[in-house]
$ cat input-v9.txt   # compact mmCIF, C-alpha atoms and all ligand atoms
# COMPACT_ATOMS: atom_id res chain seq x y z
CA MET A 124 33.61 -32.83 -5.67
CA ARG A 125 33.96 -29.04 -5.47
CA GLU A 126 31.27 -28.85 -2.76
CA ARG A 127 32.96 -31.64 -0.80
CA VAL A 128 36.36 -29.90 -0.87
CA ILE A 129 34.82 -26.59 0.13
CA ALA A 130 32.84 -28.24 2.92
CA GLU A 131 35.97 -29.92 4.29
CA LEU A 132 38.01 -26.73 4.20
CA ARG A 133 35.17 -24.82 5.85
CA ALA A 134 34.95 -27.47 8.55
CA ARG A 135 38.60 -26.77 9.34
CA GLY A 136 37.92 -23.03 9.68
CA ALA A 137 38.51 -21.66 6.17
CA SER A 138 36.18 -18.86 5.19
CA ARG A 139 35.55 -16.47 2.32
CA GLN A 140 35.91 -13.61 4.79
CA LYS A 141 39.61 -14.44 5.40
CA THR A 142 42.56 -13.58 3.20
CA LEU A 143 44.39 -16.31 1.26
CA VAL A 144 47.25 -16.31 3.80
CA GLU A 145 44.83 -16.54 6.75
CA ASN A 146 43.00 -19.40 5.07
CA LEU A 147 46.22 -21.28 4.33
CA ARG A 148 47.30 -20.86 7.95
CA THR A 149 43.91 -22.08 9.12
CA VAL A 150 43.60 -25.17 6.95
CA GLY A 151 47.24 -26.34 7.27
CA ALA A 152 49.25 -28.63 4.99
CA ARG A 153 46.50 -31.12 4.26
CA GLY A 154 44.06 -28.41 3.32
CA LEU A 155 46.74 -26.82 1.18
CA LEU A 156 47.25 -30.09 -0.65
CA GLU A 157 43.54 -30.54 -1.19
CA THR A 158 43.26 -27.01 -2.47
CA ALA A 159 46.07 -27.66 -4.92
CA VAL A 160 44.39 -30.87 -6.06
CA ALA A 161 41.09 -29.12 -6.38
CA SER A 162 42.78 -26.32 -8.35
CA ALA A 163 44.47 -28.80 -10.64
CA ARG A 164 41.07 -30.25 -11.46
CA GLY A 165 39.74 -26.86 -12.36
CA LEU A 166 37.95 -26.54 -9.03
CA LEU A 167 39.81 -23.47 -7.84
CA LEU A 168 38.28 -22.35 -4.57
CA PRO A 169 36.94 -18.84 -4.46
CA PHE A 170 39.70 -17.64 -2.05
CA PRO A 171 40.86 -14.93 -1.65
CA GLU A 172 38.25 -12.79 -3.40
CA ALA A 173 35.81 -10.90 -1.25
CA PRO A 174 32.28 -12.28 -1.40
CA LYS A 175 30.27 -10.71 -4.19
CA PRO A 176 27.65 -8.33 -2.78
CA GLU A 177 24.14 -9.65 -3.23
CA PRO A 178 22.09 -7.57 -5.66
CA ARG A 179 19.96 -5.14 -3.64
CA HIS A 180 16.23 -5.24 -4.08
CA SER A 181 13.60 -2.70 -3.31
CA GLY A 182 12.29 -3.34 0.20
CA GLU A 183 15.50 -4.96 1.41
CA PRO A 184 16.75 -3.56 4.76
CA ILE A 185 19.81 -1.32 4.54
CA LEU A 186 22.28 -2.56 7.16
CA LEU A 187 26.01 -2.19 7.73
CA GLU A 188 28.41 -5.11 8.04
CA ALA A 189 28.62 -5.97 11.75
CA LYS A 190 32.48 -6.01 12.07
CA THR A 191 32.25 -7.11 15.70
CA ALA A 192 32.71 -10.14 17.93
CA HIS A 193 29.65 -9.06 19.97
CA PRO A 194 26.35 -10.87 19.39
CA VAL A 195 24.12 -8.95 16.97
CA MET A 196 20.69 -9.59 15.49
CA GLU A 197 21.47 -11.49 12.27
CA ARG A 198 17.89 -12.02 11.15
CA GLU A 199 15.21 -9.44 11.69
CA ALA A 200 11.66 -9.48 10.38
CA TYR A 201 11.49 -7.33 7.23
CA SER A 202 8.17 -5.98 8.51
CA SER A 203 9.93 -4.24 11.44
CA PHE A 204 11.92 -1.96 9.18
CA SER A 205 10.59 1.52 8.53
CA TRP A 206 10.00 2.53 4.90
CA LEU A 207 13.03 4.83 5.24
CA ASP A 208 15.33 1.96 6.27
CA VAL A 209 14.87 -0.18 3.17
CA GLU A 210 16.13 -0.04 -0.40
CA GLY A 211 13.89 2.09 -2.58
CA TYR A 212 13.19 4.77 0.08
CA ASP A 213 14.44 7.50 -2.29
CA ALA A 214 11.93 6.60 -5.00
CA GLU A 215 9.20 6.32 -2.36
CA ILE A 216 9.98 9.84 -1.08
CA ASP A 217 9.71 11.08 -4.69
CA ARG A 218 6.42 9.22 -5.12
CA ARG A 219 4.94 10.77 -1.95
CA ARG A 220 6.19 14.22 -2.99
CA THR A 221 4.69 13.94 -6.47
CA GLY A 222 1.43 12.64 -5.02
CA GLY A 223 1.24 15.64 -2.67
CA ALA A 224 1.49 13.62 0.58
CA ILE A 225 4.62 15.55 1.61
CA ASP A 226 6.09 18.91 0.62
CA ALA A 227 9.57 19.67 -0.75
CA GLU A 228 11.01 20.56 2.68
CA GLU A 229 9.66 17.34 4.23
CA ALA A 230 11.13 15.31 1.35
CA LYS A 231 14.53 16.88 2.02
CA LEU A 232 14.31 16.16 5.76
CA LEU A 233 13.24 12.56 5.20
CA ARG A 234 16.14 11.98 2.81
CA ALA A 235 18.58 13.37 5.41
CA TRP A 236 16.98 11.11 8.01
CA ALA A 237 17.37 8.00 5.84
CA VAL A 238 21.08 8.66 5.29
CA ASN A 239 22.16 10.09 8.66
CA GLY A 240 19.56 8.78 11.12
CA TYR A 241 18.58 12.26 12.29
CA MET A 242 17.03 15.51 11.06
CA VAL A 243 17.10 19.10 12.35
CA LEU A 244 14.08 21.44 12.50
CA PRO A 245 15.63 24.88 13.07
CA GLY A 246 13.59 27.39 15.12
CA CYS A 247 10.73 24.92 15.54
CA VAL A 248 9.50 25.89 19.02
CA SER A 249 8.76 29.51 19.95
CA SER A 250 10.80 31.28 22.59
CA GLU A 251 7.59 32.27 24.47
CA LEU A 252 6.44 28.67 24.80
CA ILE A 253 9.88 27.62 26.01
CA ASP A 254 9.92 30.41 28.63
CA GLN A 255 6.53 29.20 29.92
CA ALA A 256 7.84 25.63 30.24
CA LEU A 257 10.96 26.89 32.05
CA ALA A 258 8.75 28.82 34.47
CA ASP A 259 6.97 25.52 35.16
CA VAL A 260 10.36 23.88 35.89
CA ASP A 261 11.00 26.65 38.45
CA ALA A 262 7.58 25.94 39.97
CA VAL A 263 8.35 22.22 40.26
CA TRP A 264 11.41 23.07 42.39
CA ARG A 265 9.84 25.96 44.28
CA ASP A 266 6.74 23.92 45.23
CA ARG A 267 8.72 20.66 45.55
CA LYS A 268 6.28 18.77 43.34
CA HIS A 269 6.11 14.99 43.28
CA VAL A 270 7.90 14.71 39.90
CA VAL A 271 10.28 11.80 39.19
CA ILE A 272 13.93 12.86 38.99
CA ASP A 273 17.02 10.92 37.94
CA VAL A 274 20.10 12.27 39.69
CA LEU A 275 22.78 11.65 37.09
CA THR A 276 25.76 12.14 39.41
CA ASP A 277 24.87 9.09 41.56
CA GLY A 278 22.21 7.20 39.57
CA ARG A 279 19.40 7.74 42.11
CA ARG A 280 15.78 7.76 40.89
CA THR A 281 13.65 9.70 43.34
CA HIS A 282 11.17 12.64 43.42
CA VAL A 283 11.74 16.38 43.57
CA ASP A 284 9.92 16.55 46.95
CA GLU A 285 12.27 13.87 48.33
CA VAL A 286 15.60 15.16 47.05
CA GLU A 287 17.88 17.86 48.52
CA PRO A 288 17.27 21.20 46.69
CA ALA A 289 21.00 21.36 45.74
CA ALA A 290 20.35 18.43 43.36
CA ARG A 291 19.00 21.01 40.93
CA GLN A 292 22.52 22.44 40.50
CA ALA A 293 23.96 19.16 39.15
CA PRO A 294 23.15 17.05 36.04
CA HIS A 295 19.69 15.46 36.42
CA LYS A 296 16.59 14.57 34.41
CA LEU A 297 13.04 15.57 35.34
CA ASN A 298 10.81 12.79 34.05
CA ASP A 299 7.56 13.52 32.25
CA LEU A 300 7.24 17.19 33.03
CA TYR A 301 4.35 17.19 30.53
CA LEU A 302 2.15 15.53 33.18
CA VAL A 303 2.34 18.69 35.32
CA SER A 304 3.07 21.39 32.70
CA HIS A 305 0.78 22.20 29.81
CA SER A 306 3.58 24.18 28.14
CA ALA A 307 5.90 21.16 28.32
CA LEU A 308 3.08 19.07 26.79
CA ARG A 309 2.77 21.57 23.92
CA ILE A 310 6.50 21.26 23.27
CA PHE A 311 6.48 17.46 23.62
CA LEU A 312 3.65 17.13 21.09
CA HIS A 313 4.48 20.21 19.01
CA GLU A 314 2.60 19.94 15.72
CA ARG A 315 5.76 20.05 13.58
CA ILE A 316 7.45 17.34 15.66
CA VAL A 317 4.33 15.17 15.54
CA ARG A 318 4.02 15.68 11.78
CA MET A 319 7.63 14.57 11.11
CA VAL A 320 7.46 11.64 13.55
CA SER A 321 4.22 10.44 11.97
CA LEU A 322 5.82 10.59 8.50
CA ILE A 323 8.81 8.60 9.74
CA LEU A 324 6.69 5.97 11.53
CA ASP A 325 3.90 6.00 8.94
CA ASP A 326 1.53 5.89 11.89
CA ASP A 327 -0.27 8.06 14.44
CA VAL A 328 2.09 9.27 17.15
CA VAL A 329 2.02 8.39 20.84
CA GLY A 330 4.31 10.42 23.09
CA CYS A 331 5.85 8.03 25.65
CA ASN A 332 8.04 10.16 27.86
CA SER A 333 9.82 13.47 28.20
CA LEU A 334 13.09 14.15 30.01
CA THR A 335 13.96 17.72 30.97
CA PHE A 336 17.59 18.69 31.56
CA GLU A 337 19.06 21.84 33.02
CA TYR A 338 22.68 20.66 32.53
CA GLY A 339 24.36 18.36 30.04
CA SER A 340 23.64 14.68 30.67
CA MET A 341 27.20 13.33 30.13
CA GLN A 342 25.51 10.04 29.23
CA PRO A 343 27.85 7.61 27.48
CA ALA A 344 27.15 6.75 23.86
CA HIS A 345 23.97 4.65 23.84
CA ILE A 346 21.00 3.52 21.75
CA ASP A 347 17.49 4.29 23.03
CA HIS A 348 15.89 1.26 21.40
CA VAL A 349 17.35 -1.14 23.98
CA TYR A 350 15.69 0.75 26.86
CA MET A 351 12.39 1.68 25.22
CA THR A 352 11.69 -1.28 22.99
CA PRO A 353 8.45 -0.96 21.03
CA LEU A 354 6.18 -3.98 20.39
CA THR A 355 7.31 -3.87 16.77
CA PRO A 356 11.08 -3.48 17.00
CA ARG A 357 12.57 -0.28 15.53
CA ARG A 358 9.31 1.75 15.69
CA LEU A 359 10.58 4.47 18.03
CA VAL A 360 11.68 8.05 17.37
CA ALA A 361 13.30 10.54 19.78
CA SER A 362 13.27 14.33 19.76
CA TRP A 363 15.67 16.77 21.41
CA ILE A 364 14.55 20.36 21.97
CA ALA A 365 16.95 23.18 22.85
CA LEU A 366 15.46 25.30 25.66
CA GLN A 367 18.42 27.70 25.39
CA ASP A 368 21.39 28.32 23.06
CA VAL A 369 23.94 25.54 23.61
CA GLN A 370 27.54 26.50 24.48
CA SER A 371 30.39 24.20 23.51
CA ASP A 372 31.59 23.76 27.13
CA ALA A 373 28.11 22.82 28.42
CA GLY A 374 28.17 19.19 27.19
CA PRO A 375 26.31 19.40 23.86
CA LEU A 376 24.34 16.41 22.56
CA SER A 377 26.64 14.11 20.52
CA LEU A 378 25.49 11.95 17.61
CA TRP A 379 27.22 9.45 15.36
CA PRO A 380 25.48 9.96 11.98
CA GLY A 381 24.95 6.75 10.00
CA SER A 382 25.16 4.50 13.07
CA HIS A 383 21.41 3.75 12.82
CA ARG A 384 22.37 1.24 10.08
CA LEU A 385 24.28 -0.95 12.56
CA ARG A 386 22.81 -4.29 13.46
CA PRO A 387 21.11 -4.16 16.86
CA TYR A 388 22.74 -5.98 19.78
CA ASP A 389 21.28 -9.41 20.51
CA PHE A 390 20.37 -9.63 24.21
CA GLY A 391 19.64 -13.35 23.83
CA GLY A 392 16.84 -13.35 21.27
CA THR A 393 15.50 -9.97 22.37
CA TYR A 394 16.26 -6.32 21.59
CA HIS A 395 15.48 -5.20 25.14
CA TYR A 396 18.43 -4.72 27.50
CA SER A 397 19.07 -6.94 30.48
CA PRO A 398 21.07 -5.47 33.38
CA GLU A 399 23.65 -8.28 33.32
CA LYS A 400 24.43 -7.64 29.62
CA GLU A 401 24.27 -3.84 29.74
CA ALA A 402 28.03 -3.33 30.24
CA GLN A 403 28.77 -5.60 27.23
CA HIS A 404 26.25 -3.67 25.19
CA THR A 405 27.86 -0.36 26.17
CA ARG A 406 31.21 -1.76 24.96
CA TYR A 407 29.57 -2.79 21.66
CA VAL A 408 28.15 0.71 21.20
CA ALA A 409 31.48 2.42 22.03
CA GLU A 410 33.34 0.09 19.62
CA GLN A 411 30.85 0.75 16.83
CA ALA A 412 30.61 4.53 17.41
CA GLY A 413 34.32 4.70 16.52
CA ARG A 414 33.39 3.83 12.92
CA PHE A 415 31.53 7.12 12.47
CA PRO A 416 32.45 10.81 12.80
CA GLU A 417 30.98 12.52 15.88
CA PHE A 418 28.55 15.40 15.39
CA ARG A 419 27.84 17.84 18.24
CA PHE A 420 24.53 19.65 18.02
CA MET A 421 25.29 23.32 18.69
CA ALA A 422 21.61 24.21 18.85
CA LYS A 423 19.96 27.58 19.22
CA LYS A 424 16.97 27.99 21.54
CA GLY A 425 13.92 26.47 19.82
CA ASP A 426 15.87 24.17 17.46
CA VAL A 427 14.72 20.56 17.42
CA LEU A 428 16.57 17.43 16.40
CA LEU A 429 14.85 14.09 15.78
CA TRP A 430 16.87 10.88 15.96
CA HIS A 431 16.35 7.31 14.90
CA ALA A 432 15.66 4.56 17.47
CA LEU A 433 19.03 2.92 16.70
CA LEU A 434 21.22 6.01 16.30
CA VAL A 435 24.19 6.10 18.69
CA HIS A 436 24.15 9.32 20.75
CA GLY A 437 25.06 10.66 24.18
CA GLY A 438 25.99 13.72 26.20
CA SER A 439 29.50 15.07 25.51
CA PRO A 440 31.70 16.09 28.49
CA ILE A 441 30.79 19.21 30.47
CA ASN A 442 33.82 21.50 30.63
CA ASN A 443 32.17 24.29 32.62
CA LYS A 444 30.04 23.03 35.52
CA GLN A 445 28.34 26.42 36.01
CA ARG A 446 27.01 26.41 32.45
CA THR A 447 23.41 25.27 32.02
CA ARG A 448 22.28 23.38 28.93
CA LYS A 449 18.49 23.43 29.18
CA SER A 450 16.85 20.90 26.90
CA MET A 451 14.16 18.27 26.57
CA ALA A 452 14.54 14.77 25.15
CA CYS A 453 11.28 12.99 24.27
CA HIS A 454 10.39 9.58 22.89
CA TYR A 455 7.53 8.52 20.60
CA PHE A 456 6.03 5.23 19.48
CA GLY A 457 3.58 4.55 16.69
CA SER A 458 -0.03 3.99 17.82
CA ARG A 459 0.29 0.24 17.28
CA GLU A 460 3.25 -0.11 19.69
CA THR A 461 1.88 0.83 23.08
CA GLY A 462 -0.59 -2.01 23.64
CA SER A 463 -3.33 -1.11 26.10
CA SER A 464 -1.37 1.56 28.03
CA PRO A 465 -3.73 4.40 29.01
CA ARG A 466 -3.49 7.40 26.68
CA GLU A 467 -4.87 10.92 26.36
CA ARG A 468 -5.49 12.61 23.04
CA PHE A 469 -3.69 15.86 22.18
CA GLY A 470 -4.43 17.23 18.70
CA PRO A 471 -3.51 14.66 16.05
CA ALA A 472 -1.36 12.73 18.56
CA SER A 473 -1.79 11.18 21.98
CA TYR A 474 0.44 10.61 24.99
CA LEU A 475 0.75 8.02 27.71
CA SER A 476 -0.98 9.21 30.85
CA LYS A 477 1.07 6.71 32.87
CA PRO A 478 4.52 6.61 31.30
CA ILE A 479 6.65 3.50 30.94
CA GLU A 480 9.48 2.95 33.41
CA ASP A 481 12.69 2.22 31.44
CA THR A 482 14.21 5.29 29.88
CA ALA A 483 17.57 6.13 28.38
O1 LIG B 1 20.65 15.35 26.13
C1 LIG B 1 21.56 14.55 26.26
O2 LIG B 1 22.71 14.88 26.62
C2 LIG B 1 21.33 13.11 25.95
C3 LIG B 1 19.88 12.71 26.00
C4 LIG B 1 19.73 11.27 25.67
O3 LIG B 1 20.66 10.63 25.32
C5 LIG B 1 18.47 10.56 25.74
O4 LIG B 1 17.52 11.10 26.27
O5 LIG B 1 18.41 9.41 25.26
$ encode --input "input-v9.txt" --output "structure tokens" --more "lines below"
Ligand SMILES: O=C(O)CCC(=O)C(=O)O
Amino acid sequence: MRERVIAELRARGASRQKTLVENLRTVGARGLLETAVASARGLLLPFPEAPKPEPRHSGEPILLEAKTAHPVMEREAYSSFSWLDVEGYDAEIDRRRTGGAIDAEEAKLLRAWAVNGYMVLPGCVSSELIDQALADVDAVWRDRKHVVIDVLTDGRRTHVDEVEPAARQAPHKLNDLYLVSHSALRIFLHERIVRMVSLILDDDVVGCNSLTFEYGSMQPAHIDHVYMTPLTPRRLVASWIALQDVQSDAGPLSLWPGSHRLRPYDFGGTYHYSPEKEAQHTRYVAEQAGRFPEFRFMAKKGDVLLWHALLVHGGSPINNKQRTRKSMACHYFGSRETGSSPRERFGPASYLSKPIEDTA
């Protein structure tokens, strides 16, 4: 009887997620009567209490309530989730620390990562190495090398040898500088970055692409995972390396800590973006970012920040167009996620010798 009454009320739109008043409005007079009858028989419906949270179990993914009308992934394979994105990560960090697999500093960074979706490695890259990479950027422009460039002011993707030299003075991205600059490669696969990414992914690291900026990107809030979707969803990490001290009017990198726990957007059974749904997705991201405080990374030259595949981030507005904001943003997969793409080894990691096309 109780199940029948509940089923009927549900069929007319009642739900445990609504308040009592909303449910009464939804089910109308007949539903009201049935509820009263059901109550009189001791079958009081469970309105208006909030649903009881399910007990959390070790290994269960940690996700936030969707709170959106946009389509989101409701069911994801447990096996996609990183060990830091499931219940019990704290005890697992302790276990690895006690067993000597990680040191105290790494344990602290991994805990920050699990909660916020990012970690900072202050002073990670030496100033000398950065200056060498910047000299290579100058050489790319001076010698008009055939390096892919995204012109951010008009959305063009072209090459440095095909673009007007003035394009250098406006926001742009040089793609995969590491293919022509050994110094950029040493930054991209810096041993400390590779070490932390391999701990996060629990896998060997494959560098997929590097983007070099001389100005802020002003990119709207976005999530890299939709553009660079690994074979196993979620197995992507990004790094951001300050090639100079960042000034507040130069469009610092913005992050929304904790947003990596949001459910990914559902592009029709896939995590990978489709151009016709991209605007909707951008609206979803902007709506969801509003649930979190914004953090602007006021980095010093050599500081590195790693962010989670699903963390909402972007380039904040540039308030001084003359001000440079030299930086690199790089993306990494685990070794199992790149299929048969050609790779080169570099120390404990490897990198794609022919990078993938879609980038954020
Ligand atoms: O550096 C920035 O302003 C943003 C970089 C970024 O969002 C990305 O590479 O995904």
$ axis_aligned_box --input "input-v9.txt" --around "ligand LIG 1 (chain B)" --padding-each-side "6 Å" --output "lines of an AutoDock Vina configuration file"
center_x = 20.1
center_y = 12.4
center_z = 25.9
size_x = 17.2
size_y = 17.9
size_z = 13.4
$ residues_around --input "input-v9.txt" --residues "region 327-337 of chain A" --least-positions-apart "3" --cutoff "8 Å" --atoms "all atoms listed in the file" --output "mmCIF file with C-alpha atoms, in the coordinates of the input"
data_model
loop_
_atom_site.group_PDB
_atom_site.id
_atom_site.type_symbol
_atom_site.label_atom_id
_atom_site.label_comp_id
_atom_site.auth_asym_id
_atom_site.auth_seq_id
_atom_site.Cartn_x
_atom_site.Cartn_y
_atom_site.Cartn_z
ATOM 1 C CA ARG A 291 19.000 21.010 40.930
ATOM 2 C CA PRO A 294 23.150 17.050 36.040
ATOM 3 C CA HIS A 295 19.690 15.460 36.420
ATOM 4 C CA LYS A 296 16.590 14.570 34.410
ATOM 5 C CA LEU A 297 13.040 15.570 35.340
ATOM 6 C CA ASN A 298 10.810 12.790 34.050
ATOM 7 C CA ASP A 299 7.560 13.520 32.250
ATOM 8 C CA LEU A 300 7.240 17.190 33.030
ATOM 9 C CA TYR A 301 4.350 17.190 30.530
ATOM 10 C CA PHE A 311 6.480 17.460 23.620
ATOM 11 C CA LEU A 312 3.650 17.130 21.090
ATOM 12 C CA VAL A 317 4.330 15.170 15.540
ATOM 13 C CA VAL A 320 7.460 11.640 13.550
ATOM 14 C CA SER A 321 4.220 10.440 11.970
ATOM 15 C CA LEU A 324 6.690 5.970 11.530
ATOM 16 C CA SER A 340 23.640 14.680 30.670
ATOM 17 C CA THR A 447 23.410 25.270 32.020
ATOM 18 C CA ARG A 448 22.280 23.380 28.930
ATOM 19 C CA LYS A 449 18.490 23.430 29.180
ATOM 20 C CA SER A 450 16.850 20.900 26.900
ATOM 21 C CA MET A 451 14.160 18.270 26.570
ATOM 22 C CA ALA A 452 14.540 14.770 25.150
ATOM 23 C CA CYS A 453 11.280 12.990 24.270
ATOM 24 C CA HIS A 454 10.390 9.580 22.890
ATOM 25 C CA TYR A 455 7.530 8.520 20.600
ATOM 26 C CA PHE A 456 6.030 5.230 19.480
ATOM 27 C CA GLY A 457 3.580 4.550 16.690
ATOM 28 C CA SER A 458 -0.030 3.990 17.820
ATOM 29 C CA THR A 461 1.880 0.830 23.080
ATOM 30 C CA PRO A 471 -3.510 14.660 16.050
ATOM 31 C CA ALA A 472 -1.360 12.730 18.560
ATOM 32 C CA SER A 473 -1.790 11.180 21.980
ATOM 33 C CA TYR A 474 0.440 10.610 24.990
ATOM 34 C CA LEU A 475 0.750 8.020 27.710
ATOM 35 C CA PRO A 478 4.520 6.610 31.300
ATOM 36 C CA ILE A 479 6.650 3.500 30.940
#
$ atom_distance --input "input-v9.txt" --atom1 "CA of Asp208 (chain A)" --atom2 "CA of Val360 (chain A)"
13.2 Å
$ atom_distance --input "input-v9.txt" --atom1 "CA of Gly381 (chain A)" --atom2 "CA of Val408 (chain A)"
13.1 Å
$ residues_near_ligand --input "input-v9.txt" --ligand "ligand LIG 1 (chain B)" --cutoff "8 Å" --atoms "only C-alpha atoms and all ligand atoms" --output "ChimeraX atom specification"
/A:334,336,339-342,344-347,361,363,374-377,436-439,450-453,482-483
$ decode --input "input-v9.txt" --residues "region 241-279 of chain A" --atoms "C-alpha atoms" --output "short mmCIF file (atom, residue, chain, number, x, y, z; two decimals), in the first residue's frame"
data_model
loop_
_atom_site.label_atom_id
_atom_site.label_comp_id
_atom_site.auth_asym_id
_atom_site.auth_seq_id
_atom_site.Cartn_x
_atom_site.Cartn_y
_atom_site.Cartn_z
CA TYR A 241 45.31 21.85 -7.19
CA MET A 242 48.73 22.07 -5.53
CA VAL A 243 51.52 24.66 -5.62
CA LEU A 244 55.25 23.87 -5.90
CA PRO A 245 56.95 27.16 -4.97
CA GLY A 246 60.29 27.92 -6.66
CA CYS A 247 60.23 24.64 -8.57
CA VAL A 248 61.96 25.71 -11.81
CA SER A 249 65.27 27.59 -11.78
CA SER A 250 65.49 31.12 -13.11
CA GLU A 251 68.40 30.12 -15.41
CA LEU A 252 66.38 27.39 -17.11
CA ILE A 253 63.45 29.77 -17.57
CA ASP A 254 65.73 32.43 -19.13
CA GLN A 255 67.02 29.82 -21.61
CA ALA A 256 63.46 28.87 -22.59
CA LEU A 257 62.55 32.57 -23.01
CA ALA A 258 65.59 33.04 -25.26
CA ASP A 259 64.21 30.17 -27.36
CA VAL A 260 60.84 31.98 -27.58
CA ASP A 261 62.71 35.03 -28.91
CA ALA A 262 64.43 32.78 -31.46
CA VAL A 263 61.09 31.35 -32.62
CA TRP A 264 59.92 34.89 -33.46
CA ARG A 265 63.25 36.16 -34.77
CA ASP A 266 63.71 33.15 -37.10
CA ARG A 267 59.96 32.87 -37.82
CA LYS A 268 59.92 29.16 -37.04
CA HIS A 269 57.12 26.87 -38.15
CA VAL A 270 55.57 26.65 -34.65
CA VAL A 271 51.78 26.43 -34.20
CA ILE A 272 50.26 29.58 -32.69
CA ASP A 273 46.74 30.29 -31.45
CA VAL A 274 45.93 33.98 -31.80
CA LEU A 275 43.60 34.52 -28.86
CA THR A 276 42.21 37.87 -30.01
CA ASP A 277 40.55 36.37 -33.13
CA GLY A 278 40.68 32.59 -32.60
CA ARG A 279 43.02 31.89 -35.54
#
